[in-house]
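Q: This is the structure, below, for whatever I ask next.
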Protein chains: 2
Amino acid sequence: MTLFNTHFLTELASSIRSLSIDAIDTARSGHPGLPLGCGDIFSVLYGHFLTIHPMYPNWINRDRFVLSAGHGSAGLYAALHLSGFNVSQTDIQRFRQLHSPTAGHPEYREIDGIETTTGPLGQGLATAVGMALQGKHLKATWHESIDYQVVVLAGDGCLMEGVSSEASSLAGHLKLDNLVVIYDANSICLDGPISECFTEDVAARYQAYGWHVQSIDGHDLSAIGEALGSARQHQGQPTLIIATTIIGKGSQVAGSSEAHGKPLGAVESRATKQRLGIPDSPFWVSEHVAPAMAAHHANVEAKIQDWNRRIAAAGCSLPPLASEHPQLATTLAAIESMTMPSGSATRVASHHVIQQVATLYDRLIGGSADLSCSDSTWMKGHSAMTADDFSGRNIKFGVREFAMGAMASGLALGGMYRPFCGTFLTFSDYMKNAIRLAAMMKLPVIYQLTHDSIFLGEDGPTHQPVEHLASLRSIPQLTVFRPADGEETKAAWIHALQSDGPTALVLSRQNLPETGLTQVAGALQGAYILQASPDARVVLVATGSEVALAKLVWEALTAKGISTQLVSMPCWEQFERQSRAYQTLVLGETPQLRVSIEAQSDFGWHRWIGRDGLAISVNRFGHSAPASDLATEFGFTPESIVARITEALS
Amino acid sequence: MTLFNTHFLTELASSIRSLSIDAIDTARSGHPGLPLGCGDIFSVLYGHFLTIHPMYPNWINRDRFVLSAGHGSAGLYAALHLSGFNVSQTDIQRFRQLHSPTAGHPEYREIDGIETTTGPLGQGLATAVGMALQGKHLKATWHESIDYQVVVLAGDGCLMEGVSSEASSLAGHLKLDNLVVIYDANSICLDGPISECFTEDVAARYQAYGWHVQSIDGHDLSAIGEALGSARQHQGQPTLIIATTIIGKGSQVAGSSEAHGKPLGAVESRATKQRLGIPDSPFWVSEHVAPAMAAHHANVEAKIQDWNRRIAAAGCSLPPLASEHPQLATTLAAIESMTMPSGSATRVASHHVIQQVATLYDRLIGGSADLSCSDSTWMKGHSAMTADDFSGRNIKFGVREFAMGAMASGLALGGMYRPFCGTFLTFSDYMKNAIRLAAMMKLPVIYQLTHDSIFLGEDGPTHQPVEHLASLRSIPQLTVFRPADGEETKAAWIHALQSDGPTALVLSRQNLPETGLTQVAGALQGAYILQASPDARVVLVATGSEVALAKLVWEALTAKGISTQLVSMPCWEQFERQSRAYQTLVLGETPQLRVSIEAQSDFGWHRWIGRDGLAISVNRFGHSAPASDLATEFGFTPESIVARITEALS
């Protein structure tokens, strides 16, 4: 490690604070509290501790920094700018402006060195746990030289959120000693002092999770450096560094919630700089920063080159990205030619595909929130990752859906893995914002969401999804597949393994009859015709478990002489990507009636069936009962549907 | 308290296990693990500890029991049945059958003594924290004789979930000594031993939260009784009782995850009974239970009558339910006649209504997840509830959205309060399943969800809701209001205060121009005409912040000679409840084009505007920028919208 250059780090801290103050003041928007309070922490991280280099932003063994308290973005942009990353002074000056990379909260893909999108509190920390686990797995399966640290800066808000509790408990269980969380303990939250809402003993809580806990003065540069250094050395436990800081340090509102999220204004910005000994020059940066940063980077570069040499000497080459891995094409072909079990539940069909993928494609890793024997996600013949051996590919997340979702994103970041995670569709609610963030970041996470309708049966309404398809389909950049059987499940996986964004697989608990009509190619188009009728009076559009039912309805209507087209529509998003002509072909030119059949809310369906279409749906909460009784109760029988259609036609 | 009758409690435990085994075996569905493992705990609770009586199921000072591990429902139904609550032996025999009250997971309103719906893990515990807080507030504001205990039975899954961490931290902060959580520590979760995913020191964690922690053998009746008795006496801290149990006790699979959720089957059911000394008679109940339970209930009844006499002697009468409170009508009238600030954000408008309601109606209690100064929920002139003084009406939930949502349900249960809680609309994701459960239970919780579109501006896409209106609108039994201004905000509150289910108020961050066209009565119908045009070629339907924009579009189209009807649609659910004739009037008979204008996803809108309608919407993630720049970027300007409409017409 570089020698500890206190003078440089002091100047760097001042420069970070200077740029942050002016960025926020120029934007008239932003959060000065954290950049001022954590200027010293940013300085030690970027000027001393982190093994990162702007010329090698994707170096596989780089340290990862995650600003879980994403509202402190101004400080991060300043640190990245001063470290030579691709964020210019103009970008800093255009903080929070349209199409500037310096967004209100840090956005992945906008600037090198932003390792994940943060802002929604607690999730940065949970995502970082996934990154740390990725490091352990890489080390165990690729090369022992992988020893990057994941460093998180988290605030009181992050630590109050349940998602960070879940992730921290699991990080302790897995003894992730490549993880360091710096807790910006400024005793202030947005609505006032934390004494009014958050008085637990954080150190004791983290010790209970099995963490190593240190407490320091967050404005003491050498204490920060020592704590981080000792955390890197510490074996067998993740580290929490409780850094006591003054929020908005230097400003008149320092130490109060007023400092959190309001720009200081021109006058107070100037006064704050004065108190901090920062020259009153817009976007001032100390002249000492550049040369000392260059010296620091020279050391980092030497370390990187040394590591690269050691790897090369060991005869290793860097592993390919998951999307570029030669095993991928083989795997896709193998899925396509799989013979699927007949009449099984789609969760079982998906389980079969998972086994195939697990065998052929070593970038598939994942697990379940304690439901693997029910959501069918376990990769047989593969072990679970444990604190003693991270080479397994199954992950036991425990009953921690939200952390699982965020960790899956952390496992996907960097592009080495295509992680999956599983729970019941209803409990996707628990991790909804993690799915949203994965979609925003376009991470190829695969969600296996089973027990996808009232037809899960006896577990009842708390477990029966109703509005969840609407909820997921409405998330931008998420693809939702609800396959009808084994063939369509193969299509869903073929899509998911190639997608540049997340995919939700929505799967049945119950066995499904075969229709003999489905096909992979059609399913990949999102919707396709199972039984064509060019002059159809009725077009039936069904998904998932209702496709076999729709076929019975089609038979009954056809027998009555009502010309009917039968369509399977496993994926709205893929269907949207088709040409208007294809869409018209599938949905019929001008049928008298379009009918959707899906055992969930009809919310959203009128886009396809029109305002006067008939939606066979479940628009109320379910009941605890055997599935067959529910089919009658909710009108999901051929007789009931045929009656409703003939009534609608008359 | 009743003398501890070990013989009775032993027989009661056996009877609970007997009924549970047979209920699950008959249904061929259910979770035997917990009822067998916790039979002794259920027995001590229902045969000794809980001050509850089937003849007085709504007695205000009754103890509340919450089975947070809701999958153990068979044990609860057995205990309630043996305690004489309104669940018959036939109901037990019809466990998990259609329209039986003995659903897969306990459902509020189905059986007296089920205090809340549970099943989604962790939420029962968090809801119980709300119930305990309700007890403290009642005690502080109504009468000091309120001293009920809230007793929770939670499993490993509940304790792994983040929502329970959030709630437990807050319960410790508030020193809720009327709360006891019994942790069914059986070391097993669904996917195997907890040693594989959950090895934290739970006792130390709860001590860190400020809880009193006891550890006992969960099969030792007197130890259970003593621990509960000492918890009731313990002052100044909530209590966690870690009860070591054997999951599926007595069965061949006892102590393994096999016992968790699979029926034992006929043969093994019989063998299990034999091991437990239970006679092999279907739905056997010990003859000793009824007389001893009667004796216990006589003691409880004496206690209840004594309490009632003391209250009467003190000149107190029971407080009316929130929905029957005489202050309510006054409050509704006062809201209707309020003069609202002109041109303000709807979050500010709502803030004004809150102040009015807070003054007139003492059943309004609530708070925010650390955003009160931003989501405008603070009741001025009222203090916050604190551990020293629970008479306040503001609640500082901290950055704990999910626990807040579940606690708000706990505050609503029993009907004494109409709680509200606030956060940004985007972070409704964090508490989505709590909103779902409130809707399922038809609890009149009010969610104040602000910063309701990309137009919150600089905070960027992580904070900008896009799909959230679709997500909320698709939840059954939830009413979603997105008012356009002060008048419509009044309507939203008038609805919310009378509703028999939850209401989400979706409110703008930004100031909104006045249209001078809105009115309370129209808004209460869900949608109404602002500018009529009987022969309209175009019908504009806008909500919330886009109504003023739609008016400008209406003016421009009218000036061009395009006959246009202008509609405000603050609430889809209310509009659905109107007659078809009214709906047709509002949406136009057969206009050439219907146009929705709403700065969120168009998901769901085609129900109103038809398949060929034009949706002015935001179907992608937002950007960090000033709101006016975003209006241009996303086409939310009169010019852009008029251009798209004229193009669509041609």
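Residues are named by chain letter and number: chains run A, B, ... in the order of the structure tokens, numbers start at 1 in each chain, and ligands are numbered from 1 in the order shown.
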Find the residues near Pro57 in chain B: any atom within 9 Å, counting only C-alpha atoms, skip ones fewer than 4 places away on the same chain, and give them as a list in words.
A: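 Counting only the stated atoms, we get Ile52, His53, Arg62, Phe85, Asp112 and Gly113 of chain B.
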Q: Kindly export the residues of the current selection with N, CA and C atoms, as a PDB file, in the first residue's frame.
A:
```pdb
ATOM      1  N   ILE B  52     -58.042 -13.564  27.348  1.00  0.00           N
ATOM      2  CA  ILE B  52     -59.018 -13.496  26.260  1.00  0.00           C
ATOM      3  C   ILE B  52     -60.176 -14.422  26.606  1.00  0.00           C
ATOM      4  N   HIS B  53     -61.341 -14.128  26.056  1.00  0.00           N
ATOM      5  CA  HIS B  53     -62.538 -14.897  26.391  1.00  0.00           C
ATOM      6  C   HIS B  53     -63.430 -14.900  25.161  1.00  0.00           C
ATOM      7  N   ARG B  62     -58.375  -6.823  25.880  1.00  0.00           N
ATOM      8  CA  ARG B  62     -57.960  -8.223  25.732  1.00  0.00           C
ATOM      9  C   ARG B  62     -56.496  -8.292  25.290  1.00  0.00           C
ATOM     10  N   PHE B  85     -63.906 -20.402  20.892  1.00  0.00           N
ATOM     11  CA  PHE B  85     -64.130 -19.360  19.890  1.00  0.00           C
ATOM     12  C   PHE B  85     -64.962 -19.939  18.747  1.00  0.00           C
ATOM     13  N   ASP B 112     -63.187 -15.079  15.355  1.00  0.00           N
ATOM     14  CA  ASP B 112     -62.821 -14.218  16.486  1.00  0.00           C
ATOM     15  C   ASP B 112     -61.514 -14.747  17.069  1.00  0.00           C
ATOM     16  N   GLY B 113     -60.683 -13.867  17.494  1.00  0.00           N
ATOM     17  CA  GLY B 113     -59.426 -14.316  18.090  1.00  0.00           C
ATOM     18  C   GLY B 113     -58.293 -14.331  17.081  1.00  0.00           C
TER      19      GLY B 113
END
```
Q: With only C-alpha atoms counted and 6 Å as the cut-off, give the residues of chain A in contact with chain B, each with its shortest interatomic distance in Å and the pair that gives it, as a Markdown table.
A:
```
| residue | atom | partner | partner_atom | distance |
| --- | --- | --- | --- | --- |
| A:Arg96 | CA | B:Ala625 | CA | 5.3 |
| A:Gln97 | CA | B:Ala625 | CA | 4.4 |
| A:Leu98 | CA | B:Ala625 | CA | 4.6 |
| A:Ala103 | CA | B:Ser624 | CA | 5.2 |
| A:Gly104 | CA | B:Asp459 | CA | 4.5 |
| A:Gly157 | CA | B:Val399 | CA | 5.4 |
| A:Met160 | CA | B:Val399 | CA | 5.6 |
| A:Glu161 | CA | B:Arg400 | CA | 5.3 |
| A:Gly162 | CA | B:Gly162 | CA | 3.6 |
| A:Val163 | CA | B:Gly162 | CA | 5.5 |
| A:Ser165 | CA | B:Gly162 | CA | 5.9 |
| A:Glu166 | CA | B:Gly162 | CA | 5.4 |
| A:His173 | CA | B:Thr199 | CA | 5.8 |
| A:Leu190 | CA | B:Asp370 | CA | 5.9 |
| A:Asp191 | CA | B:Asp370 | CA | 5.3 |
| A:Cys197 | CA | B:Gly398 | CA | 5.4 |
| A:Thr199 | CA | B:His173 | CA | 5.8 |
| A:Glu200 | CA | B:Tyr209 | CA | 4.6 |
| A:Asp201 | CA | B:Ala208 | CA | 4.8 |
| A:Ala204 | CA | B:Ala208 | CA | 5.4 |
| A:Arg205 | CA | B:Arg205 | CA | 4.8 |
| A:Ala208 | CA | B:Asp201 | CA | 4.8 |
| A:Tyr209 | CA | B:Glu200 | CA | 4.6 |
| A:Asp370 | CA | B:Asp191 | CA | 5.3 |
| A:Gly398 | CA | B:Cys197 | CA | 5.3 |
| A:Val399 | CA | B:Gly157 | CA | 5.4 |
| A:Arg400 | CA | B:Glu161 | CA | 5.3 |
| A:Asp429 | CA | B:Asn433 | CA | 5.6 |
| A:Lys432 | CA | B:Asp429 | CA | 5.9 |
| A:Asn433 | CA | B:Asp429 | CA | 5.6 |
| A:Glu458 | CA | B:Arg96 | CA | 5.4 |
| A:Asp459 | CA | B:Gly104 | CA | 4.5 |
| A:Gly460 | CA | B:Gly104 | CA | 5.4 |
| A:Glu467 | CA | B:Ser474 | CA | 5.3 |
| A:Ser471 | CA | B:Ser471 | CA | 4.5 |
| A:Ser474 | CA | B:Glu467 | CA | 5.3 |
| A:Ile475 | CA | B:Glu467 | CA | 5.6 |
| A:Pro476 | CA | B:Arg620 | CA | 5.5 |
| A:Phe603 | CA | B:Gly604 | CA | 5.5 |
| A:Gly604 | CA | B:Gly604 | CA | 4.0 |
| A:His606 | CA | B:Arg607 | CA | 4.9 |
| A:Arg607 | CA | B:His606 | CA | 4.9 |
| A:Gly610 | CA | B:Arg611 | CA | 4.5 |
| A:Arg611 | CA | B:Gly610 | CA | 4.5 |
| A:Arg620 | CA | B:Pro476 | CA | 5.4 |
| A:Ser624 | CA | B:Ala103 | CA | 5.2 |
| A:Ala625 | CA | B:Gln97 | CA | 4.4 |
```
Q: For the residues in the current selection, export C-alpha atoms as an mmCIF file, in the first residue's frame.
A:
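Contents of again-v4.cif, freshly written:
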```cif
data_model
loop_
_atom_site.group_PDB
_atom_site.id
_atom_site.type_symbol
_atom_site.label_atom_id
_atom_site.label_comp_id
_atom_site.auth_asym_id
_atom_site.auth_seq_id
_atom_site.Cartn_x
_atom_site.Cartn_y
_atom_site.Cartn_z
ATOM 1 C CA ARG A 96 -28.216 16.893 -11.705
ATOM 2 C CA GLN A 97 -28.819 18.276 -15.214
ATOM 3 C CA LEU A 98 -30.454 16.452 -18.104
ATOM 4 C CA ALA A 103 -27.193 12.329 -11.781
ATOM 5 C CA GLY A 104 -28.909 12.987 -8.485
ATOM 6 C CA GLY A 157 -30.975 5.238 6.784
ATOM 7 C CA MET A 160 -32.444 1.128 9.536
ATOM 8 C CA GLU A 161 -33.735 -0.546 6.366
ATOM 9 C CA GLY A 162 -34.570 -4.216 6.710
ATOM 10 C CA VAL A 163 -32.784 -5.135 3.497
ATOM 11 C CA SER A 165 -30.260 -6.328 8.121
ATOM 12 C CA GLU A 166 -31.002 -9.331 5.955
ATOM 13 C CA HIS A 173 -23.027 -16.202 8.193
ATOM 14 C CA LEU A 190 -33.719 13.564 7.525
ATOM 15 C CA ASP A 191 -36.386 14.249 10.125
ATOM 16 C CA CYS A 197 -36.104 6.875 16.095
ATOM 17 C CA THR A 199 -31.259 4.090 19.379
ATOM 18 C CA GLU A 200 -30.262 0.462 19.067
ATOM 19 C CA ASP A 201 -26.656 -0.541 19.702
ATOM 20 C CA ALA A 204 -23.644 -5.005 19.246
ATOM 21 C CA ARG A 205 -26.098 -5.853 16.478
ATOM 22 C CA ALA A 208 -24.414 -10.544 16.827
ATOM 23 C CA TYR A 209 -24.312 -11.055 13.049
ATOM 24 C CA ASP A 370 -35.500 -20.835 1.609
ATOM 25 C CA GLY A 398 -32.452 -17.847 3.824
ATOM 26 C CA VAL A 399 -35.858 -16.209 4.198
ATOM 27 C CA ARG A 400 -34.520 -12.916 2.914
ATOM 28 C CA ASP A 429 -43.424 -7.994 -3.504
ATOM 29 C CA LYS A 432 -39.839 -5.414 -5.806
ATOM 30 C CA ASN A 433 -37.501 -2.464 -5.617
ATOM 31 C CA GLU A 458 -54.756 -24.372 -0.134
ATOM 32 C CA ASP A 459 -52.146 -21.890 1.038
ATOM 33 C CA GLY A 460 -54.764 -19.246 0.389
ATOM 34 C CA GLU A 467 -51.934 -8.362 -9.175
ATOM 35 C CA SER A 471 -46.989 -5.228 -11.145
ATOM 36 C CA SER A 474 -45.340 -2.583 -15.712
ATOM 37 C CA ILE A 475 -41.661 -2.319 -14.715
ATOM 38 C CA PRO A 476 -39.657 -0.880 -17.643
ATOM 39 C CA PHE A 603 -55.155 -5.038 -15.221
ATOM 40 C CA GLY A 604 -53.301 -4.128 -18.417
ATOM 41 C CA HIS A 606 -57.248 -4.163 -22.449
ATOM 42 C CA ARG A 607 -54.201 -2.996 -24.324
ATOM 43 C CA GLY A 610 -59.501 -3.604 -26.422
ATOM 44 C CA ARG A 611 -62.005 -1.733 -24.321
ATOM 45 C CA ARG A 620 -60.200 -10.155 -6.268
ATOM 46 C CA SER A 624 -57.782 -21.274 0.520
ATOM 47 C CA ALA A 625 -59.090 -24.381 -1.211
#
```
Q: Quick check for you: according to DSSP on this backbone, which residues of range 380-624 of chain B are classed as alpha helix (DSSP H)? Reply as a ChimeraX atom specification.
A: /B:401-412,432-441,468-473,486-498,520-524,547-559,572-576,580-587,606-609
Q: Neighbours of Glu226 in chain B within 12 Å (only C-alpha atoms; same-chain residues fewer than 2 positions away dropped), as number ranges by chain?
A: B: 1, 3-4, 41, 44-45, 48-49, 214-218, 220-224, 228-234, 241
Q: Pick out the residues sitting within 7 Å of Ile354 in chain A, and hand them over as a list in words; count only C-alpha atoms, and ignore anything fewer than 4 positions along from it in its own chain.
A: Ser350, Ala358 and Met379 of chain A
Q: Store the residues of this selection in a file with N, CA and C atoms, as an mmCIF file, in the first residue's frame.
A:
```cif
data_model
loop_
_atom_site.group_PDB
_atom_site.id
_atom_site.type_symbol
_atom_site.label_atom_id
_atom_site.label_comp_id
_atom_site.auth_asym_id
_atom_site.auth_seq_id
_atom_site.Cartn_x
_atom_site.Cartn_y
_atom_site.Cartn_z
ATOM 1 N N SER A 350 -38.986 -25.863 -15.544
ATOM 2 C CA SER A 350 -37.865 -24.944 -15.362
ATOM 3 C C SER A 350 -36.737 -25.610 -14.572
ATOM 4 N N ALA A 358 -27.060 -25.807 -15.713
ATOM 5 C CA ALA A 358 -26.030 -25.927 -14.671
ATOM 6 C C ALA A 358 -24.898 -26.844 -15.127
ATOM 7 N N MET A 379 -29.721 -26.675 -7.954
ATOM 8 C CA MET A 379 -28.916 -27.333 -8.988
ATOM 9 C C MET A 379 -28.339 -28.605 -8.391
#
```
Q: Neighbouring residues of range 595-597 of chain A were defined as those with any atom within 9 Å, considering only C-alpha atoms; residues of the same chain fewer than 2 positions away were excluded. Please report them as a list in words.
A: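 The residues that qualify are Val538, Val539, Leu540, Val541, Ala542, Thr543, Glu546, Val547, Leu549, Ala550, Leu593, Ala599, Gln600, Asp602, Trp605, His606, Trp608, Ile609, Gly613, Leu614, Ala615, Ile616, Ser617, Phe636, Ile641 and Ile645 of chain A.
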Q: Compile the contact shell of Glu115 in chain B as number ranges by chain: residues with an atom at most 8 Å away, counting only C-alpha atoms, same-chain residues fewer than 4 positions apart removed.
A: B: 64-66, 108, 413
Q: At a cut-off of 9 Å, using only C-alpha atoms, what residues contact Ser391 in chain A? Leave out same-chain residues fewer than 6 positions from it and give the result as an MDAnalysis selection string.
A: chainID A and resid 136:141 383:385
Q: Counting only C-alpha atoms, which residue out of A:Ser251, A:Gln237, A:Thr346, A:Ser409 sits closest to Gly37 in chain A?
A: A:Ser251
Q: Return as an NGL selection string the full set of residues in range 173-303 of chain A whose backbone-based DSSP assignment is strand (DSSP E or B).
A: :A and (179-185 or 188-189 or 192-193 or 212-217 or 239-244)
Q: For those residues, write C-alpha atoms to a file as a PDB file, in the first residue's frame.
A:
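Saved file again_33.pdb follows:
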```pdb
ATOM      1  CA  LEU A 179     -16.512  -6.815   2.757  1.00  0.00           C
ATOM      2  CA  VAL A 180     -16.107  -3.583   4.715  1.00  0.00           C
ATOM      3  CA  VAL A 181     -19.011  -1.338   5.608  1.00  0.00           C
ATOM      4  CA  ILE A 182     -18.181   2.146   6.774  1.00  0.00           C
ATOM      5  CA  TYR A 183     -21.109   3.458   8.754  1.00  0.00           C
ATOM      6  CA  ASP A 184     -21.347   7.221   8.511  1.00  0.00           C
ATOM      7  CA  ALA A 185     -22.567   7.633  12.075  1.00  0.00           C
ATOM      8  CA  ILE A 188     -28.824  12.657  12.143  1.00  0.00           C
ATOM      9  CA  CYS A 189     -31.513  11.521   9.772  1.00  0.00           C
ATOM     10  CA  GLY A 192     -34.061  15.037  13.012  1.00  0.00           C
ATOM     11  CA  PRO A 193     -31.627  13.414  15.404  1.00  0.00           C
ATOM     12  CA  HIS A 212     -15.786  -7.508  13.264  1.00  0.00           C
ATOM     13  CA  VAL A 213     -16.639  -4.022  14.517  1.00  0.00           C
ATOM     14  CA  GLN A 214     -14.377  -1.006  14.861  1.00  0.00           C
ATOM     15  CA  SER A 215     -15.256   2.494  15.982  1.00  0.00           C
ATOM     16  CA  ILE A 216     -13.343   5.568  14.851  1.00  0.00           C
ATOM     17  CA  ASP A 217     -13.488   9.318  14.463  1.00  0.00           C
ATOM     18  CA  THR A 239     -15.956  -5.563   9.069  1.00  0.00           C
ATOM     19  CA  LEU A 240     -18.144  -2.699  10.187  1.00  0.00           C
ATOM     20  CA  ILE A 241     -16.318   0.568  10.779  1.00  0.00           C
ATOM     21  CA  ILE A 242     -18.465   2.928  12.796  1.00  0.00           C
ATOM     22  CA  ALA A 243     -17.130   6.326  11.793  1.00  0.00           C
ATOM     23  CA  THR A 244     -18.450   9.165  13.863  1.00  0.00           C
TER      24      THR A 244
END
```
Q: Of the residues B:Gly248, B:Ala408, B:Asp306, B:Glu573, which is the one nearest to Asn186 in chain B, using only C-alpha atoms?
A: B:Gly248
Q: Grab the CA of Tyr77 in chain A to CA of Asp147 in chain A distance for me, in Å with one decimal place.
A: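 Calculated distance between CA of Tyr77 in chain A and CA of Asp147 in chain A is 25.6 Å.
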Q: Could you check which of B:Ile335, B:Lys175, B:Ile304, B:Asn394 is closest to Asp362 in chain B, using only C-alpha atoms?
A: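 Of the candidates, the smallest distance to Asp362 in chain B is held by B:Asn394.
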Q: Kindly give the distance, in Å, that separates CA of Leu264 in chain B and CA of Leu36 in chain B, rounded to a single decimal.
A: 11.3 Å
